[in-house]
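Novice: Pasting input-v4.txt here (compact mmCIF, C-alpha atoms):
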# COMPACT_ATOMS: atom_id res chain seq x y z
CA MET A 1 0.00 0.00 0.00
CA LEU A 2 2.85 2.36 0.86
CA VAL A 3 4.56 1.75 -2.48
CA ARG A 4 1.30 2.38 -4.37
CA ALA A 5 0.76 5.60 -2.45
CA LYS A 6 4.26 6.81 -3.33
CA ILE A 7 3.74 5.97 -7.00
CA PHE A 8 0.40 7.83 -7.02
CA ILE A 9 1.97 10.92 -5.43
CA LEU A 10 4.83 10.79 -7.97
CA ILE A 11 2.33 10.65 -10.87
CA LEU A 12 0.43 13.63 -9.47
CA PHE A 13 3.67 15.60 -9.09
CA ILE A 14 4.80 14.86 -12.65
CA THR A 15 1.34 15.76 -14.00
CA PHE A 16 1.35 19.08 -12.15
CA LEU A 17 4.93 19.81 -13.21
CA PHE A 18 4.43 19.22 -16.91
CA PHE A 19 0.77 20.24 -17.32
CA PRO A 20 1.69 23.68 -18.76
CA LEU A 21 3.80 22.00 -21.43
CA LYS A 22 0.77 20.14 -22.71
CA LEU A 23 -1.09 23.40 -23.17
CA ARG A 24 1.66 25.15 -25.08
CA GLY A 25 0.37 26.74 -28.25
CA GLU A 26 -3.25 26.16 -27.25
CA THR A 27 -4.01 28.22 -24.16
CA TRP A 28 -4.77 31.92 -23.95
CA VAL A 29 -3.72 33.46 -20.66
CA VAL A 30 -5.96 36.27 -19.41
CA SER A 31 -4.84 38.55 -16.60
CA SER A 32 -8.09 39.83 -15.11
CA TYR A 33 -11.75 38.93 -14.69
CA PRO A 34 -13.31 41.59 -16.98
CA LEU A 35 -11.15 40.48 -19.91
CA TYR A 36 -11.84 36.84 -19.03
CA LYS A 37 -15.58 37.52 -19.28
CA ILE A 38 -15.20 39.12 -22.71
CA PHE A 39 -12.85 36.48 -24.10
CA SER A 40 -14.92 33.56 -22.81
CA GLU A 41 -17.95 35.01 -24.60
CA ILE A 42 -16.22 35.71 -27.93
CA PHE A 43 -13.76 32.81 -28.01
CA PRO A 44 -15.44 29.90 -26.13
CA GLU A 45 -13.53 27.37 -28.25
CA LYS A 46 -10.25 28.53 -26.71
CA LYS A 47 -8.79 27.25 -23.45
CA LEU A 48 -8.56 30.28 -21.19
CA TYR A 49 -6.33 30.47 -18.15
CA LEU A 50 -7.27 33.22 -15.69
CA ILE A 51 -4.36 34.59 -13.67
CA GLN A 52 -6.12 36.79 -11.17
CA PRO A 53 -9.12 35.42 -9.26
CA PRO A 54 -12.11 37.79 -9.08
CA LYS A 55 -11.64 38.90 -5.49
CA GLY A 56 -11.19 42.64 -5.90
CA GLU A 57 -7.38 42.47 -5.65
CA PHE A 58 -6.70 43.98 -9.07
CA HIS A 59 -4.37 46.73 -7.81
CA PHE A 60 -2.13 44.49 -5.72
CA TYR A 61 -2.19 40.96 -7.12
CA GLU A 62 1.06 39.28 -8.19
CA PRO A 63 1.06 36.12 -10.34
CA LEU A 64 2.23 32.82 -8.88
CA PRO A 65 5.23 30.92 -10.34
CA ARG A 66 2.83 28.64 -12.22
CA ASP A 67 1.15 31.71 -13.72
CA TRP A 68 4.48 33.01 -15.03
CA GLU A 69 5.17 29.63 -16.58
CA MET A 70 1.82 29.78 -18.36
CA ILE A 71 2.53 33.33 -19.54
CA LYS A 72 5.81 32.20 -21.09
CA ARG A 73 4.18 29.34 -22.98
CA ALA A 74 0.75 30.70 -23.94
CA GLU A 75 -0.36 31.22 -27.52
CA LEU A 76 -1.81 34.59 -26.50
CA VAL A 77 -1.51 36.67 -23.32
CA ALA A 78 -4.25 39.25 -22.71
CA ILE A 79 -3.66 41.95 -20.10
CA LEU A 80 -5.01 45.38 -19.28
CA GLY A 81 -1.53 46.87 -19.10
CA THR A 82 -2.26 48.62 -15.80
CA GLU A 83 -1.65 45.61 -13.56
CA PRO A 84 1.30 45.94 -11.14
CA PHE A 85 3.01 43.11 -13.04
CA ALA A 86 2.35 44.43 -16.57
CA LYS A 87 5.95 45.60 -17.19
CA ARG A 88 7.30 42.12 -16.62
CA VAL A 89 4.71 40.67 -19.03
CA TYR A 90 5.87 43.14 -21.69
CA GLN A 91 9.42 41.88 -21.19
CA LEU A 92 8.48 38.20 -21.45
CA VAL A 93 5.88 38.20 -24.23
CA THR A 94 6.48 39.08 -27.86
CA LYS A 95 4.23 41.59 -29.59
CA GLU A 96 2.69 38.82 -31.70
CA ARG A 97 1.52 36.96 -28.59
CA LEU A 98 0.35 39.98 -26.60
CA PHE A 99 -3.03 41.70 -26.31
CA SER A 100 -2.92 44.77 -24.07
CA LEU A 101 -5.50 47.52 -23.61
CA ALA A 102 -2.73 49.92 -22.59
CA ASP A 103 0.19 50.71 -24.85
CA ARG A 104 3.69 50.15 -23.50
CA GLY A 105 4.85 53.13 -21.47
CA GLU A 106 1.46 54.83 -21.68
CA ASN A 107 0.67 57.14 -18.77
CA LEU A 108 -3.00 56.71 -17.84
CA PRO A 109 -5.21 58.69 -15.42
CA ASP A 110 -7.08 55.60 -14.21
CA PRO A 111 -6.21 51.87 -14.24
CA HIS A 112 -9.75 50.47 -14.76
CA LEU A 113 -9.36 50.20 -18.51
CA TRP A 114 -12.18 47.71 -19.02
CA PHE A 115 -14.51 50.72 -18.62
CA ASP A 116 -12.75 52.68 -21.37
CA LEU A 117 -15.20 51.54 -24.02
CA LYS A 118 -13.66 53.40 -26.99
CA ARG A 119 -10.27 51.87 -26.25
CA LEU A 120 -11.78 48.43 -25.68
CA LYS A 121 -13.58 48.47 -29.04
CA LEU A 122 -10.47 49.60 -30.93
CA LYS A 123 -8.19 46.98 -29.36
CA LEU A 124 -10.68 44.17 -29.98
CA LYS A 125 -11.10 45.22 -33.62
CA ASN A 126 -7.31 45.18 -34.03
CA LEU A 127 -7.13 41.73 -32.45
CA MET A 128 -9.51 40.34 -35.06
CA GLU A 129 -7.19 41.54 -37.83
CA ARG A 130 -4.32 39.32 -36.71
CA GLU A 131 -3.34 36.54 -39.08
CA GLN A 132 -2.91 34.33 -36.02
CA LEU A 133 -6.69 34.43 -35.54
CA LYS A 134 -7.71 34.51 -39.20
CA GLY A 135 -5.95 31.20 -39.76
CA ASP A 136 -8.03 29.43 -37.14
CA PRO A 137 -11.01 27.36 -38.41
CA ASN A 138 -13.16 28.98 -35.69
CA TYR A 139 -12.50 32.47 -37.01
CA PRO A 140 -15.91 32.93 -38.75
CA LYS A 141 -17.67 32.17 -35.45
CA TRP A 142 -15.39 34.56 -33.57
CA GLN A 143 -15.97 37.28 -36.15
CA GLU A 144 -19.73 36.90 -35.91
CA ARG A 145 -19.71 37.02 -32.11
CA MET A 146 -17.31 39.94 -32.07
CA GLN A 147 -19.43 41.99 -34.45
CA LYS A 148 -22.49 41.47 -32.26
CA PHE A 149 -20.54 42.28 -29.11
CA LEU A 150 -19.12 45.49 -30.58
CA LYS A 151 -22.54 46.56 -31.85
CA ASP A 152 -24.11 46.04 -28.41
CA LEU A 153 -21.15 47.74 -26.75
CA THR A 154 -21.57 50.78 -29.00
CA GLY A 155 -25.24 50.94 -28.05
CA LEU A 156 -24.40 50.94 -24.36
CA GLU A 157 -21.70 53.54 -24.91
CA LYS A 158 -24.38 55.85 -26.36
CA GLU A 159 -26.65 55.16 -23.39
CA TYR A 160 -23.91 56.28 -21.01
CA THR A 161 -23.81 59.65 -22.78
CA SER A 162 -27.34 60.28 -21.50
CA LEU A 163 -25.85 60.66 -18.01
CA SER A 164 -24.83 64.17 -19.02
CA ARG A 165 -28.48 65.13 -18.62
CA CYS A 166 -28.71 63.88 -15.03
CA LYS A 167 -29.69 66.35 -12.32
CA GLU A 168 -26.79 65.47 -10.00
CA LYS A 169 -23.17 65.73 -11.13
CA GLU A 170 -21.43 63.91 -8.27
CA LEU A 171 -21.55 60.19 -7.60
CA TYR A 172 -20.79 59.31 -3.97
CA VAL A 173 -18.74 56.13 -3.77
CA VAL A 174 -18.05 53.95 -0.72
CA GLY A 175 -14.64 52.69 -1.75
CA HIS A 176 -12.27 54.04 -4.37
CA LYS A 177 -13.02 55.58 -7.76
CA VAL A 178 -13.82 53.04 -10.48
CA PHE A 179 -15.97 54.65 -13.19
CA TYR A 180 -13.69 57.43 -14.43
CA TYR A 181 -13.84 56.43 -18.10
CA LEU A 182 -17.62 56.01 -18.10
CA LEU A 183 -18.30 59.37 -16.44
CA LYS A 184 -15.58 61.81 -17.48
CA ASP A 185 -17.18 62.88 -20.78
CA GLN A 186 -20.56 63.32 -19.09
CA GLY A 187 -19.35 65.98 -16.65
CA ILE A 188 -19.79 63.68 -13.66
CA SER A 189 -17.22 63.11 -10.92
CA GLU A 190 -16.86 60.47 -8.23
CA LYS A 191 -16.71 61.58 -4.60
CA SER A 192 -14.97 58.62 -2.98
CA LEU A 193 -14.58 57.55 0.61
CA VAL A 194 -11.12 56.18 -0.16
CA THR A 195 -8.22 58.06 -1.76
CA GLY A 196 -6.14 56.02 -4.17
CA HIS A 197 -6.70 52.26 -4.03
CA HIS A 198 -6.45 51.75 -0.30
CA HIS A 199 -7.98 48.63 1.24
CA GLY A 200 -8.70 48.04 4.91
CA GLU A 201 -9.98 50.19 7.73
CA VAL A 202 -11.17 53.74 7.19
CA THR A 203 -10.58 56.26 9.97
CA PRO A 204 -13.67 57.37 11.94
CA LYS A 205 -12.95 60.98 10.95
CA LYS A 206 -12.94 60.14 7.23
CA LEU A 207 -16.20 58.25 7.60
CA LYS A 208 -17.78 61.10 9.55
CA ASP A 209 -16.64 63.73 7.03
CA PHE A 210 -17.92 61.66 4.10
CA LEU A 211 -21.32 61.17 5.75
CA SER A 212 -21.60 64.82 6.75
CA GLU A 213 -20.88 66.03 3.22
CA ALA A 214 -23.35 63.59 1.66
CA LYS A 215 -26.08 64.67 4.06
CA ARG A 216 -25.29 68.35 3.59
CA LYS A 217 -25.72 67.95 -0.17
CA ASN A 218 -28.93 66.00 0.34
CA ILE A 219 -27.58 62.87 -1.34
CA LYS A 220 -30.14 60.06 -1.25
CA GLY A 221 -27.84 57.13 -1.86
CA VAL A 222 -24.24 55.97 -2.31
CA LEU A 223 -22.55 53.36 -4.48
CA LEU A 224 -20.55 50.58 -2.80
CA THR A 225 -17.51 49.76 -4.96
CA GLU A 226 -15.53 47.73 -2.42
CA TRP A 227 -17.58 44.94 -0.92
CA GLU A 228 -15.31 44.69 2.11
CA TYR A 229 -16.95 47.94 3.22
CA SER A 230 -20.35 46.25 3.41
CA ARG A 231 -19.92 46.47 7.18
CA TYR A 232 -20.59 50.21 6.89
CA ILE A 233 -24.01 49.70 5.30
CA PRO A 234 -25.95 49.83 8.62
CA LEU A 235 -24.17 53.08 9.51
CA PHE A 236 -25.09 54.74 6.19
CA GLU A 237 -28.68 53.51 6.35
CA LYS A 238 -28.99 54.80 9.89
CA GLU A 239 -28.08 58.22 8.50
CA GLY A 240 -30.77 57.91 5.84
CA LEU A 241 -28.48 57.01 2.93
CA LYS A 242 -29.36 53.97 0.85
CA VAL A 243 -26.40 51.84 -0.26
CA PHE A 244 -26.30 50.21 -3.72
CA LYS A 245 -23.70 47.57 -4.57
CA ALA A 246 -21.88 48.32 -7.81
CA LEU A 247 -20.28 45.69 -10.06
CA THR A 248 -16.70 46.85 -10.46
CA GLY A 249 -15.60 44.00 -12.73
CA ASP A 250 -12.72 42.74 -10.59
CA GLN A 251 -15.10 40.85 -8.29
CA ASN A 252 -17.18 37.83 -9.24
CA PHE A 253 -20.52 38.61 -10.89
CA GLU A 254 -23.23 36.72 -12.74
CA GLY A 255 -23.87 37.50 -16.37
CA ASP A 256 -21.63 38.71 -19.16
CA PHE A 257 -19.60 41.89 -19.57
CA LEU A 258 -22.48 43.76 -21.20
CA TYR A 259 -24.66 42.92 -18.22
CA LEU A 260 -22.00 44.49 -16.00
CA LEU A 261 -22.30 47.75 -17.95
CA LYS A 262 -26.11 47.72 -17.97
CA TYR A 263 -26.31 46.98 -14.26
CA ASN A 264 -24.04 49.89 -13.30
CA LEU A 265 -25.75 52.25 -15.74
CA ASP A 266 -29.13 51.64 -14.10
CA LEU A 267 -27.69 52.26 -10.62
CA ILE A 268 -25.87 55.43 -11.64
CA ARG A 269 -28.98 56.81 -13.31
CA GLN A 270 -30.96 56.20 -10.18
CA LEU A 271 -28.41 57.84 -7.89
CA LEU A 272 -27.92 60.89 -10.13
CA GLY A 273 -31.64 61.54 -10.54
CA CYS A 274 -31.75 60.93 -14.30
How does the structure come out when it is put into structure tokens?
Specialist:
Amino acid sequence: MLVRAKIFILILFITFLFFPLKLRGETWVVSSYPLYKIFSEIFPEKKLYLIQPPKGEFHFYEPLPRDWEMIKRAELVAILGTEPFAKRVYQLVTKERLFSLADRGENLPDPHLWFDLKRLKLKLKNLMEREQLKGDPNYPKWQERMQKFLKDLTGLEKEYTSLSRCKEKELYVVGHKVFYYLLKDQGISEKSLVTGHHHGEVTPKKLKDFLSEAKRKNIKGVLLTEWEYSRYIPLFEKEGLKVFKALTGDQNFEGDFLYLLKYNLDLIRQLLGC
């Protein structure tokens, strides 16, 4: 029995060690959950390997050794380009194997590039022009799905422009700012509880100041962008402020990427008095 157990453990170890080799040339590595949602919808025939679990750790997550091995061997590596590990990916992956929403060395005002819909559409269109994809027998299916996705995305992009007509021009956010790219052209700003991308406890003074300002401006509700701050919901509701949970994209959510956009649009409209 002991010998069999040792043999079984050895087989498991060898399988784990060489598993990435078996996927070489087949797997597409995807860095973050929003991109994973998009790619799984457009390219379901492809084996996708998600690096970062959807737990809201986008700003701090570092890939594991196994992840780096997959990055080195993948047929395609899709990243946002604003991850803390993006520079190393640029060094390891050739241009032909890389899909990045950000350009190398680009200085961006906000890292949540999955909400930059103009950029997203352009980069996806460019991806479909690659010979690497055109040579795949599944390309006609991908092209059909992509055209539908881009059409629907354009429709939602137009709907977001209607936010410029909303009565309120400030969106109060319990967490850090997330929706910069969706709001900037509509003249709307985010008033956030958290500066930067801080996680963890918020000082009582910061909480008090945030609540006081919201009440002074007669705000009826706030948007929760970091679910770890759900513990503050009773406090806000006690002060007469309703709390709505946003879908930021870097946390697990049901539905596809377009649903994510529709869901947040409805909440923002409600909070801004559209």
Novice: Neighbouring residues of Phe58 (chain A) were defined as those with any atom within 8 Å, considering all atoms listed in the file; residues of the same chain fewer than 6 positions away were excluded. Please report them as a PDB file with C-alpha atoms, in the frame of the given file.
Specialist:
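Output file around.pdb follows:
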ATOM      1  CA  SER A  32      -8.090  39.830 -15.110  1.00  0.00           C
ATOM      2  CA  GLN A  52      -6.120  36.790 -11.170  1.00  0.00           C
ATOM      3  CA  GLU A  83      -1.650  45.610 -13.560  1.00  0.00           C
ATOM      4  CA  ASP A 250     -12.720  42.740 -10.590  1.00  0.00           C
TER       5      ASP A 250
END
Novice: Can you list, as a count of residues only, every protein, DNA or RNA residue that comes within 9 Å of region 153-167 of chain A when you count all atoms listed in the file, leaving out same-chain residues fewer than 5 positions away?
Specialist: 19
Novice: Report, in Å with one decimal, the straight-line distance from CA of Pro109 (chain A) to CA of Tyr90 (chain A).
Specialist: 20.1 Å
Novice: Go through A:Gln251, A:Thr225, A:Ser40, A:Ser230 and flag the residue nearest Val194 (chain A), using all atoms listed in the file for the distances.
Specialist: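 Comparing A:Gln251, A:Thr225, A:Ser40, A:Ser230 against Val194 (chain A), the winner is A:Thr225.
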Novice: Kindly give the distance, in Å, that separates CA of Lys72 (chain A) and CA of Gly56 (chain A), rounded to a single decimal.
Specialist: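 Atom-to-atom, CA of Lys72 (chain A) to CA of Gly56 (chain A), that is 25.1 Å.
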Novice: Between A:Met128, A:Val77, A:Ile38, A:Val89, which one has atoms that come closest to Gly249 (chain A), using only C-alpha atoms?
Specialist: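 Counting only C-alpha atoms, the residue closest to Gly249 (chain A) is A:Ile38.
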Novice: In Å, with one decimal, what is the gap from CA of Pro84 (chain A) to CA of Leu133 (chain A)?
Specialist: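 Between these atoms lies a distance of 28.1 Å.
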Novice: Set the distance at 12 Å and use all atoms listed in the file: which residues neighbour region 197-212 of chain A once local chain neighbours fewer than 2 positions away are removed? I'd like the list as a PyMOL selection string.
Specialist: chain A and resi 56-60+110-112+172-178+191-195+214-222+225-233+235-242
Novice: Determine the nearest neighbour of Gly81 (chain A) from the options A:Ser31, A:Leu127, A:Arg97, A:Asp136, counting only C-alpha atoms.
Specialist: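 Residue with the minimum atom-to-atom distance to Gly81 (chain A): A:Ser31.
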Novice: With distances taken over only C-alpha atoms, which residue among A:Leu260, A:Ile42, A:Leu223, A:Tyr49 lies nearest Gln147 (chain A)?
Specialist: A:Ile42
Novice: Determine the nearest neighbour of Lys169 (chain A) from the options A:Asp67, A:Asp152, A:Glu190, A:Glu106, counting all atoms listed in the file.
Specialist: A:Glu190
